[in-house]
Amino acid sequence: MSVGRTWAVSLLGIHGAMVEVEADISQSLPRLVIIGLADRSLGEAEGRVRLAATNSGCRLPTGRITVNLSPAGLPKAGAGFDLAIALACLAADARLPLESVARVVHLGELGLDGRLRATRGILPAVLAARDAGFLRIMVPAANGPEAQLVPGVEIIPIESLRAAAIWHGADLEPIDDPRVLAHAGTVTHSGDSVSAKAGEPAGAPVASAAPASPGEPGRSELAESTIASDGRLGGDMVADGAVATLGTAPRRLRDSLPGAEPSLADVIGQDVAVDALTTAAAGGHHLGMIGPPGAGKSMLAARLPSLLPDLSLEEALEVAAVRSVNGDSLDAGIPTRPPWEAPHHSASVISIIGGGSGLIRPGAAARAAHGVLFLDEAAEFPSHVLDTLRQPLETGEIVIHRAIGAASFPGRFQLILAANPCPCGYYDDKNMRCRCPAQNIRRYQARLSGPLLDRIDIRIRVNPLTLPELRLARDSPHHDHAAIRTRIHQARDRARHRLRDTPWTQASEVPGSWLREGPRQITPEALSALDHSLARGRLSMRGYDRVLRVAWTVADLAEHGVPTADDVSHALDLREGFPT
């Protein structure tokens, strides 16, 4: 008998590596042996594959079946190899054409009845297969919409092992089950059914719909701006589940309309806090807020995502890949609004950063990539949990090391901290008396470590409204959310234009050395207040650079070509709101 071969994908984080699945049948006691550094769930595929094949009417041969997962030194985890193992075994038994099975990537977990179950991580696995040059990928029908988000490949959604064998040319009758028949054909990225079978070439062209013109309804500003900058991902974006053509893939992009999000018009007064929130949104800066209970810290933080622009297509794909690995459904399409994560203060290190044995799952920080991570009651989090964020805040990447290897996740998010100044919440309050002993206040504030706070660009105190301020606010116009959002987008456009010849797009990403020594330097006169703070030891060198970044954002909001002395002083004021 010949050796049956096919391909699968091993995921570590959101990055995948191609795995060749080989099956060989020998005359010995009946057994299916899997070699190649498989974890426990993958090692248990013997029982799933044998029973699934038997119940699908394509029983595996009697004898010893050896399945090799190559490269052997690469750790492999999860049940997503089941379909590839089953089809490689059937090909080795000459039940399926060797050539047909060998040129398709197979992903999916098998149930004992032969059905293909929805499998976690299909989107990054399909991306890895496409990047490796594979053009045909077979996935569970439940993951079909998710897999079809990737352009440039032909997706074959399949309901069961029997249907997969029939697609490859097995001499079997289809099951008269409407749930199977609904997915019996091969779906290309244009949504048409095709009759691709075993004899067709692997690189057959894939049909695609014609792209809409830029003036068509439904095309958002995000699509206009990002399609031109990303030649790999072109096309249109249509909200609310409509189909949009991106390259060769019909890509559904899920969008939450800005009008449905919390508005700054709900905020009464708090001009200083709104200014800090605007600056944070315009430059992608981290924000810390401290103040008594009920001052509006959580209310302000909840309005930050609505001020941010839509995700670019590359960012949206990365966000979708993280959600796929996490097991979230992408049937509604790719999310185009920045994600929002607000874990409870009882969260553990693993729930914030990610981890787990076997398949490493992303934590709240990774799920907040390109969006907002909000830690309410930050001083109630354990200090060691908060300190795990120090490296992602500095590098923009989350790396989790385990015995099987190191998994990396995107870690460029905006961190928003909200905390009370003491256990009772009224330390340094003008109207309420604090009942906390001095030692308790110091211990409470020390939970936010110096190295963590040093990485927070903007740190303000949020004071509660007084009765005169409330009465004055009633007679004053509310914050114009749409106008503030427009200012933020214009400031981001100025930063993007200024940084067009660099790898960065916003002020928070620019390294301090470039700000201090690059082609656009702030005059020594404008930096005098900042230099004075550094000389007095009120700033670290990291803090100095972060004030420079905020100063550039303040200048962008004020439409200044270079930060002035007032811009630098304003940025410095935005950093000195926390008690020391």
# chains A, B, ... in the order shown; residues from 1 in each chain; ligands from 1
>>> residues_around(residues="Ala419 of chain A", least_positions_apart="3", cutoff="7 Å", atoms="only C-alpha atoms", output="PDB file with all heavy atoms, in the first residue's frame")
ATOM      1  N   MET A 289      -7.087  57.502  35.333  1.00  0.00           N
ATOM      2  CA  MET A 289      -7.990  58.439  36.007  1.00  0.00           C
ATOM      3  C   MET A 289      -8.140  58.024  37.460  1.00  0.00           C
ATOM      4  O   MET A 289      -8.394  56.849  37.747  1.00  0.00           O
ATOM      5  CB  MET A 289      -9.365  58.447  35.324  1.00  0.00           C
ATOM      6  CG  MET A 289      -9.354  58.978  33.904  1.00  0.00           C
ATOM      7  SD  MET A 289     -11.002  58.976  33.143  1.00  0.00           S
ATOM      8  CE  MET A 289     -11.219  57.209  32.823  1.00  0.00           C
ATOM      9  N   ILE A 290      -7.974  58.974  38.349  1.00  0.00           N
ATOM     10  CA  ILE A 290      -8.153  58.718  39.771  1.00  0.00           C
ATOM     11  C   ILE A 290      -9.139  59.728  40.311  1.00  0.00           C
ATOM     12  O   ILE A 290      -9.165  60.897  39.880  1.00  0.00           O
ATOM     13  CB  ILE A 290      -6.798  58.801  40.516  1.00  0.00           C
ATOM     14  CG1 ILE A 290      -6.919  58.203  41.909  1.00  0.00           C
ATOM     15  CG2 ILE A 290      -6.271  60.215  40.565  1.00  0.00           C
ATOM     16  CD1 ILE A 290      -5.580  57.963  42.585  1.00  0.00           C
ATOM     17  N   GLY A 291     -10.004  59.295  41.211  1.00  0.00           N
ATOM     18  CA  GLY A 291     -11.012  60.195  41.740  1.00  0.00           C
ATOM     19  C   GLY A 291     -11.978  59.455  42.640  1.00  0.00           C
ATOM     20  O   GLY A 291     -11.985  58.217  42.692  1.00  0.00           O
ATOM     21  N   ASP A 376     -11.256  48.871  35.458  1.00  0.00           N
ATOM     22  CA  ASP A 376     -11.975  49.647  36.465  1.00  0.00           C
ATOM     23  C   ASP A 376     -11.575  49.146  37.849  1.00  0.00           C
ATOM     24  O   ASP A 376     -11.268  47.966  38.028  1.00  0.00           O
ATOM     25  CB  ASP A 376     -13.481  49.491  36.254  1.00  0.00           C
ATOM     26  CG  ASP A 376     -14.269  50.581  36.944  1.00  0.00           C
ATOM     27  OD1 ASP A 376     -13.646  51.522  37.475  1.00  0.00           O
ATOM     28  OD2 ASP A 376     -15.511  50.500  36.953  1.00  0.00           O
ATOM     29  N   GLU A 377     -11.590  50.033  38.810  1.00  0.00           N
ATOM     30  CA  GLU A 377     -11.108  49.702  40.157  1.00  0.00           C
ATOM     31  C   GLU A 377      -9.715  49.083  40.078  1.00  0.00           C
ATOM     32  O   GLU A 377      -9.436  48.027  40.629  1.00  0.00           O
ATOM     33  CB  GLU A 377     -12.084  48.751  40.862  1.00  0.00           C
ATOM     34  CG  GLU A 377     -13.501  49.256  40.963  1.00  0.00           C
ATOM     35  CD  GLU A 377     -13.620  50.500  41.853  1.00  0.00           C
ATOM     36  OE1 GLU A 377     -12.671  50.793  42.605  1.00  0.00           O
ATOM     37  OE2 GLU A 377     -14.657  51.177  41.779  1.00  0.00           O
ATOM     38  N   ALA A 378      -8.824  49.782  39.379  1.00  0.00           N
ATOM     39  CA  ALA A 378      -7.505  49.220  39.084  1.00  0.00           C
ATOM     40  C   ALA A 378      -6.724  48.881  40.344  1.00  0.00           C
ATOM     41  O   ALA A 378      -5.965  47.895  40.374  1.00  0.00           O
ATOM     42  CB  ALA A 378      -6.702  50.205  38.229  1.00  0.00           C
ATOM     43  N   ALA A 379      -6.895  49.666  41.405  1.00  0.00           N
ATOM     44  CA  ALA A 379      -6.151  49.394  42.636  1.00  0.00           C
ATOM     45  C   ALA A 379      -6.648  48.148  43.352  1.00  0.00           C
ATOM     46  O   ALA A 379      -5.997  47.676  44.290  1.00  0.00           O
ATOM     47  CB  ALA A 379      -6.247  50.598  43.580  1.00  0.00           C
TER      48      ALA A 379
END
>>> residues_around(residues="segment 27-38 of chain A", least_positions_apart="5", cutoff="12 Å", atoms="only C-alpha atoms", output="PyMOL selection string")
chain A and resi 1+10+19-22+43-51+60-82+85-86+89+358-359+404
>>> write_last_selection(atoms="C-alpha atoms", output="mmCIF file, in the first residue's frame")
data_model
loop_
_atom_site.group_PDB
_atom_site.id
_atom_site.type_symbol
_atom_site.label_atom_id
_atom_site.label_comp_id
_atom_site.auth_asym_id
_atom_site.auth_seq_id
_atom_site.Cartn_x
_atom_site.Cartn_y
_atom_site.Cartn_z
ATOM 1 C CA MET A 1 0.000 0.000 0.000
ATOM 2 C CA SER A 10 -0.559 23.677 13.772
ATOM 3 C CA VAL A 19 2.046 20.089 9.055
ATOM 4 C CA GLU A 20 2.277 17.187 6.604
ATOM 5 C CA VAL A 21 0.070 14.296 7.717
ATOM 6 C CA GLU A 22 1.335 10.896 6.509
ATOM 7 C CA GLY A 43 -3.301 11.639 20.683
ATOM 8 C CA GLU A 44 -6.923 10.722 21.445
ATOM 9 C CA ALA A 45 -7.774 11.151 17.757
ATOM 10 C CA GLU A 46 -7.421 7.346 17.369
ATOM 11 C CA GLY A 47 -10.812 6.738 18.943
ATOM 12 C CA ARG A 48 -12.539 9.647 17.219
ATOM 13 C CA VAL A 49 -11.188 8.855 13.761
ATOM 14 C CA ARG A 50 -11.922 5.108 13.864
ATOM 15 C CA LEU A 51 -15.506 5.490 15.057
ATOM 16 C CA LEU A 60 -10.600 2.131 8.259
ATOM 17 C CA PRO A 61 -8.630 -0.978 7.303
ATOM 18 C CA THR A 62 -7.732 -3.587 9.893
ATOM 19 C CA GLY A 63 -4.073 -3.545 10.739
ATOM 20 C CA ARG A 64 -1.635 -1.123 12.236
ATOM 21 C CA ILE A 65 -1.984 2.440 10.923
ATOM 22 C CA THR A 66 0.908 4.740 11.665
ATOM 23 C CA VAL A 67 0.231 8.450 11.298
ATOM 24 C CA ASN A 68 3.234 10.763 11.225
ATOM 25 C CA LEU A 69 2.885 14.501 11.763
ATOM 26 C CA SER A 70 5.827 16.250 10.165
ATOM 27 C CA PRO A 71 7.922 18.175 11.108
ATOM 28 C CA ALA A 72 8.236 15.822 14.058
ATOM 29 C CA GLY A 73 9.899 18.404 16.305
ATOM 30 C CA LEU A 74 7.031 20.888 16.062
ATOM 31 C CA PRO A 75 4.565 20.634 18.972
ATOM 32 C CA LYS A 76 0.992 19.998 17.809
ATOM 33 C CA ALA A 77 -2.139 20.520 19.842
ATOM 34 C CA GLY A 78 -5.886 20.297 19.487
ATOM 35 C CA ALA A 79 -8.412 18.152 17.667
ATOM 36 C CA GLY A 80 -8.245 20.120 14.401
ATOM 37 C CA PHE A 81 -6.114 17.380 12.804
ATOM 38 C CA ASP A 82 -8.913 14.748 12.851
ATOM 39 C CA ILE A 85 -5.741 12.050 9.705
ATOM 40 C CA ALA A 86 -8.920 10.278 8.578
ATOM 41 C CA CYS A 89 -5.711 6.888 6.252
ATOM 42 C CA GLY A 358 -1.966 22.696 25.014
ATOM 43 C CA LEU A 359 -3.664 25.305 22.846
ATOM 44 C CA ILE A 404 5.655 23.516 23.845
#
>>> residues_around(residues="Ser56 of chain A", least_positions_apart="5", cutoff="12 Å", atoms="only C-alpha atoms", output="list in words")
Arg48, Val49, Arg50, Leu51, Ala86, Leu110, Gly111, Leu112, Asp113, Gly114, Arg115, Leu116, Glu159, Ser160, Leu161, Arg162, Ala163, Ala164, Ala165, Ile166, Ala170, Leu172, Glu173, Pro174 and Ile175 of chain A
>>> write_last_selection(atoms="C-alpha atoms", output="mmCIF file, in the first residue's frame")
data_model
loop_
_atom_site.group_PDB
_atom_site.id
_atom_site.type_symbol
_atom_site.label_atom_id
_atom_site.label_comp_id
_atom_site.auth_asym_id
_atom_site.auth_seq_id
_atom_site.Cartn_x
_atom_site.Cartn_y
_atom_site.Cartn_z
ATOM 1 C CA ARG A 48 -12.539 9.647 17.219
ATOM 2 C CA VAL A 49 -11.188 8.855 13.761
ATOM 3 C CA ARG A 50 -11.922 5.108 13.864
ATOM 4 C CA LEU A 51 -15.506 5.490 15.057
ATOM 5 C CA ALA A 86 -8.920 10.278 8.578
ATOM 6 C CA LEU A 110 -14.622 14.832 13.986
ATOM 7 C CA GLY A 111 -17.523 13.687 16.097
ATOM 8 C CA LEU A 112 -18.104 9.982 16.633
ATOM 9 C CA ASP A 113 -20.968 10.060 14.113
ATOM 10 C CA GLY A 114 -18.634 11.414 11.437
ATOM 11 C CA ARG A 115 -19.825 14.995 11.551
ATOM 12 C CA LEU A 116 -17.326 17.832 11.447
ATOM 13 C CA GLU A 159 -20.540 18.748 6.937
ATOM 14 C CA SER A 160 -19.104 15.285 7.540
ATOM 15 C CA LEU A 161 -16.305 12.852 6.872
ATOM 16 C CA ARG A 162 -18.532 11.012 4.416
ATOM 17 C CA ALA A 163 -19.139 14.208 2.447
ATOM 18 C CA ALA A 164 -15.396 14.908 2.430
ATOM 19 C CA ALA A 165 -14.664 11.425 1.085
ATOM 20 C CA ILE A 166 -17.307 11.837 -1.630
ATOM 21 C CA ALA A 170 -15.034 7.998 -2.953
ATOM 22 C CA LEU A 172 -20.232 6.368 -1.659
ATOM 23 C CA GLU A 173 -23.818 7.501 -1.803
ATOM 24 C CA PRO A 174 -24.591 10.899 -0.225
ATOM 25 C CA ILE A 175 -26.615 10.764 2.970
#
>>> residues_around(residues="segment 132-137 of chain A", least_positions_apart="2", cutoff="10 Å", atoms="only C-alpha atoms", output="VMD selection string")
chain A and resid 7 to 8 16 to 18 103 to 107 125 to 130 139 147 152 to 157 188 202 to 206
>>> write_last_selection(atoms="N, CA and C atoms", output="PDB file, in the first residue's frame")
ATOM      1  N   TRP A   7      -2.408  17.675   4.318  1.00  0.00           N
ATOM      2  CA  TRP A   7      -1.841  18.779   5.073  1.00  0.00           C
ATOM      3  C   TRP A   7      -2.832  19.290   6.106  1.00  0.00           C
ATOM      4  N   ALA A   8      -2.290  19.761   7.216  1.00  0.00           N
ATOM      5  CA  ALA A   8      -3.065  20.429   8.254  1.00  0.00           C
ATOM      6  C   ALA A   8      -2.233  21.608   8.760  1.00  0.00           C
ATOM      7  N   GLY A  16       0.420  30.155  12.434  1.00  0.00           N
ATOM      8  CA  GLY A  16       0.302  28.745  12.108  1.00  0.00           C
ATOM      9  C   GLY A  16       1.476  28.238  11.298  1.00  0.00           C
ATOM     10  N   ALA A  17       1.737  26.939  11.430  1.00  0.00           N
ATOM     11  CA  ALA A  17       2.787  26.267  10.666  1.00  0.00           C
ATOM     12  C   ALA A  17       2.166  25.068   9.962  1.00  0.00           C
ATOM     13  N   MET A  18       2.570  24.846   8.718  1.00  0.00           N
ATOM     14  CA  MET A  18       2.024  23.727   7.953  1.00  0.00           C
ATOM     15  C   MET A  18       2.569  22.405   8.487  1.00  0.00           C
ATOM     16  N   ARG A 103      -3.314  17.491  -2.206  1.00  0.00           N
ATOM     17  CA  ARG A 103      -3.212  18.897  -2.592  1.00  0.00           C
ATOM     18  C   ARG A 103      -4.225  19.802  -1.879  1.00  0.00           C
ATOM     19  N   VAL A 104      -4.950  19.265  -0.918  1.00  0.00           N
ATOM     20  CA  VAL A 104      -5.932  20.047  -0.163  1.00  0.00           C
ATOM     21  C   VAL A 104      -5.519  20.063   1.305  1.00  0.00           C
ATOM     22  N   VAL A 105      -5.634  21.207   1.935  1.00  0.00           N
ATOM     23  CA  VAL A 105      -5.428  21.326   3.379  1.00  0.00           C
ATOM     24  C   VAL A 105      -6.747  20.998   4.063  1.00  0.00           C
ATOM     25  N   HIS A 106      -6.688  20.113   5.076  1.00  0.00           N
ATOM     26  CA  HIS A 106      -7.902  19.666   5.756  1.00  0.00           C
ATOM     27  C   HIS A 106      -7.854  20.096   7.218  1.00  0.00           C
ATOM     28  N   LEU A 107      -8.905  20.780   7.654  1.00  0.00           N
ATOM     29  CA  LEU A 107      -8.988  21.273   9.022  1.00  0.00           C
ATOM     30  C   LEU A 107     -10.332  20.873   9.613  1.00  0.00           C
ATOM     31  N   ALA A 125      -5.588  29.706  10.825  1.00  0.00           N
ATOM     32  CA  ALA A 125      -5.091  28.514  10.136  1.00  0.00           C
ATOM     33  C   ALA A 125      -5.206  28.676   8.622  1.00  0.00           C
ATOM     34  N   VAL A 126      -6.329  29.228   8.155  1.00  0.00           N
ATOM     35  CA  VAL A 126      -6.496  29.458   6.718  1.00  0.00           C
ATOM     36  C   VAL A 126      -5.501  30.505   6.227  1.00  0.00           C
ATOM     37  N   LEU A 127      -5.268  31.538   7.018  1.00  0.00           N
ATOM     38  CA  LEU A 127      -4.271  32.541   6.647  1.00  0.00           C
ATOM     39  C   LEU A 127      -2.888  31.916   6.514  1.00  0.00           C
ATOM     40  N   ALA A 128      -2.529  31.026   7.446  1.00  0.00           N
ATOM     41  CA  ALA A 128      -1.219  30.364   7.387  1.00  0.00           C
ATOM     42  C   ALA A 128      -1.112  29.476   6.159  1.00  0.00           C
ATOM     43  N   ALA A 129      -2.191  28.746   5.840  1.00  0.00           N
ATOM     44  CA  ALA A 129      -2.173  27.885   4.659  1.00  0.00           C
ATOM     45  C   ALA A 129      -2.047  28.707   3.381  1.00  0.00           C
ATOM     46  N   ARG A 130      -2.771  29.809   3.308  1.00  0.00           N
ATOM     47  CA  ARG A 130      -2.662  30.659   2.121  1.00  0.00           C
ATOM     48  C   ARG A 130      -1.257  31.225   1.967  1.00  0.00           C
ATOM     49  N   VAL A 139     -12.821  22.853   5.284  1.00  0.00           N
ATOM     50  CA  VAL A 139     -13.094  23.221   6.674  1.00  0.00           C
ATOM     51  C   VAL A 139     -14.483  22.724   7.059  1.00  0.00           C
ATOM     52  N   ALA A 147     -13.947  31.079   7.401  1.00  0.00           N
ATOM     53  CA  ALA A 147     -12.831  30.797   6.499  1.00  0.00           C
ATOM     54  C   ALA A 147     -12.908  31.630   5.229  1.00  0.00           C
ATOM     55  N   GLY A 152      -8.161  34.995  -1.710  1.00  0.00           N
ATOM     56  CA  GLY A 152      -7.109  34.316  -2.459  1.00  0.00           C
ATOM     57  C   GLY A 152      -7.082  32.816  -2.340  1.00  0.00           C
ATOM     58  N   VAL A 153      -8.057  32.217  -1.657  1.00  0.00           N
ATOM     59  CA  VAL A 153      -8.089  30.762  -1.529  1.00  0.00           C
ATOM     60  C   VAL A 153      -9.502  30.261  -1.815  1.00  0.00           C
ATOM     61  N   GLU A 154      -9.595  28.979  -2.122  1.00  0.00           N
ATOM     62  CA  GLU A 154     -10.888  28.339  -2.358  1.00  0.00           C
ATOM     63  C   GLU A 154     -11.257  27.543  -1.109  1.00  0.00           C
ATOM     64  N   ILE A 155     -12.368  27.883  -0.510  1.00  0.00           N
ATOM     65  CA  ILE A 155     -12.813  27.247   0.719  1.00  0.00           C
ATOM     66  C   ILE A 155     -13.848  26.178   0.393  1.00  0.00           C
ATOM     67  N   ILE A 156     -13.670  24.997   0.977  1.00  0.00           N
ATOM     68  CA  ILE A 156     -14.589  23.876   0.774  1.00  0.00           C
ATOM     69  C   ILE A 156     -15.255  23.560   2.111  1.00  0.00           C
ATOM     70  N   PRO A 157     -16.442  24.097   2.381  1.00  0.00           N
ATOM     71  CA  PRO A 157     -17.126  23.776   3.639  1.00  0.00           C
ATOM     72  C   PRO A 157     -17.789  22.407   3.556  1.00  0.00           C
ATOM     73  N   THR A 188     -17.087  28.724  -3.604  1.00  0.00           N
ATOM     74  CA  THR A 188     -15.956  29.608  -3.878  1.00  0.00           C
ATOM     75  C   THR A 188     -16.199  30.922  -3.185  1.00  0.00           C
ATOM     76  N   ALA A 202      -5.077  21.866  -8.753  1.00  0.00           N
ATOM     77  CA  ALA A 202      -5.195  22.528  -7.454  1.00  0.00           C
ATOM     78  C   ALA A 202      -5.268  24.030  -7.590  1.00  0.00           C
ATOM     79  N   GLY A 203      -4.679  24.570  -8.604  1.00  0.00           N
ATOM     80  CA  GLY A 203      -4.629  26.027  -8.715  1.00  0.00           C
ATOM     81  C   GLY A 203      -5.684  26.601  -9.624  1.00  0.00           C
ATOM     82  N   ALA A 204      -6.825  25.952  -9.741  1.00  0.00           N
ATOM     83  CA  ALA A 204      -7.880  26.464 -10.600  1.00  0.00           C
ATOM     84  C   ALA A 204      -8.285  27.854 -10.169  1.00  0.00           C
ATOM     85  N   PRO A 205      -8.549  28.745 -11.161  1.00  0.00           N
ATOM     86  CA  PRO A 205      -8.914  30.119 -10.790  1.00  0.00           C
ATOM     87  C   PRO A 205     -10.189  30.141  -9.978  1.00  0.00           C
ATOM     88  N   VAL A 206     -10.274  31.096  -9.098  1.00  0.00           N
ATOM     89  CA  VAL A 206     -11.435  31.260  -8.251  1.00  0.00           C
ATOM     90  C   VAL A 206     -12.221  32.465  -8.733  1.00  0.00           C
TER      91      VAL A 206
END
>>> residues_around(residues="Asn463 of chain A", least_positions_apart="3", cutoff="8 Å", atoms="only C-alpha atoms", output="PyMOL selection string")
chain A and resi 270+291-292+295
>>> select_by_dssp(residues="segment 367-476 of chain A", states="helix (DSSP H, G or I)", output="ChimeraX atom specification")
/A:367,378-380,383-387,390-395,438-445,450-453,467-474
>>> closest_residue(among="A:Leu452, A:Ala507, A:Ala280, A:Val3", to="Asp387 of chain A", atoms="only C-alpha atoms")
A:Leu452
>>> closest_residue(among="A:Pro524, A:Gly108, A:Pro410, A:Pro293", to="Tyr427 of chain A", atoms="only C-alpha atoms")
A:Pro293
>>> residues_around(residues="Ser533 of chain A", least_positions_apart="3", cutoff="12 Å", atoms="only C-alpha atoms", output="PyMOL selection string")
chain A and resi 527-530+536-541+543-544+547+568-569+572-573+575-576
>>> closest_residue(among="A:Ile488, A:Ile416, A:Val322, A:Cys422", to="Ser306 of chain A", atoms="only C-alpha atoms")
A:Ile488
>>> atom_distance(atom1="atom CA of Gln148 of chain A", atom2="atom CA of Arg361 of chain A")
22.6 Å
>>> atom_distance(atom1="atom CA of Pro511 of chain A", atom2="atom CA of Ala282 of chain A")
17.3 Å
>>> residues_around(residues="Ala320 of chain A", least_positions_apart="3", cutoff="7 Å", atoms="only C-alpha atoms", output="ChimeraX atom specification")
/A:316-317,323-324,334-335
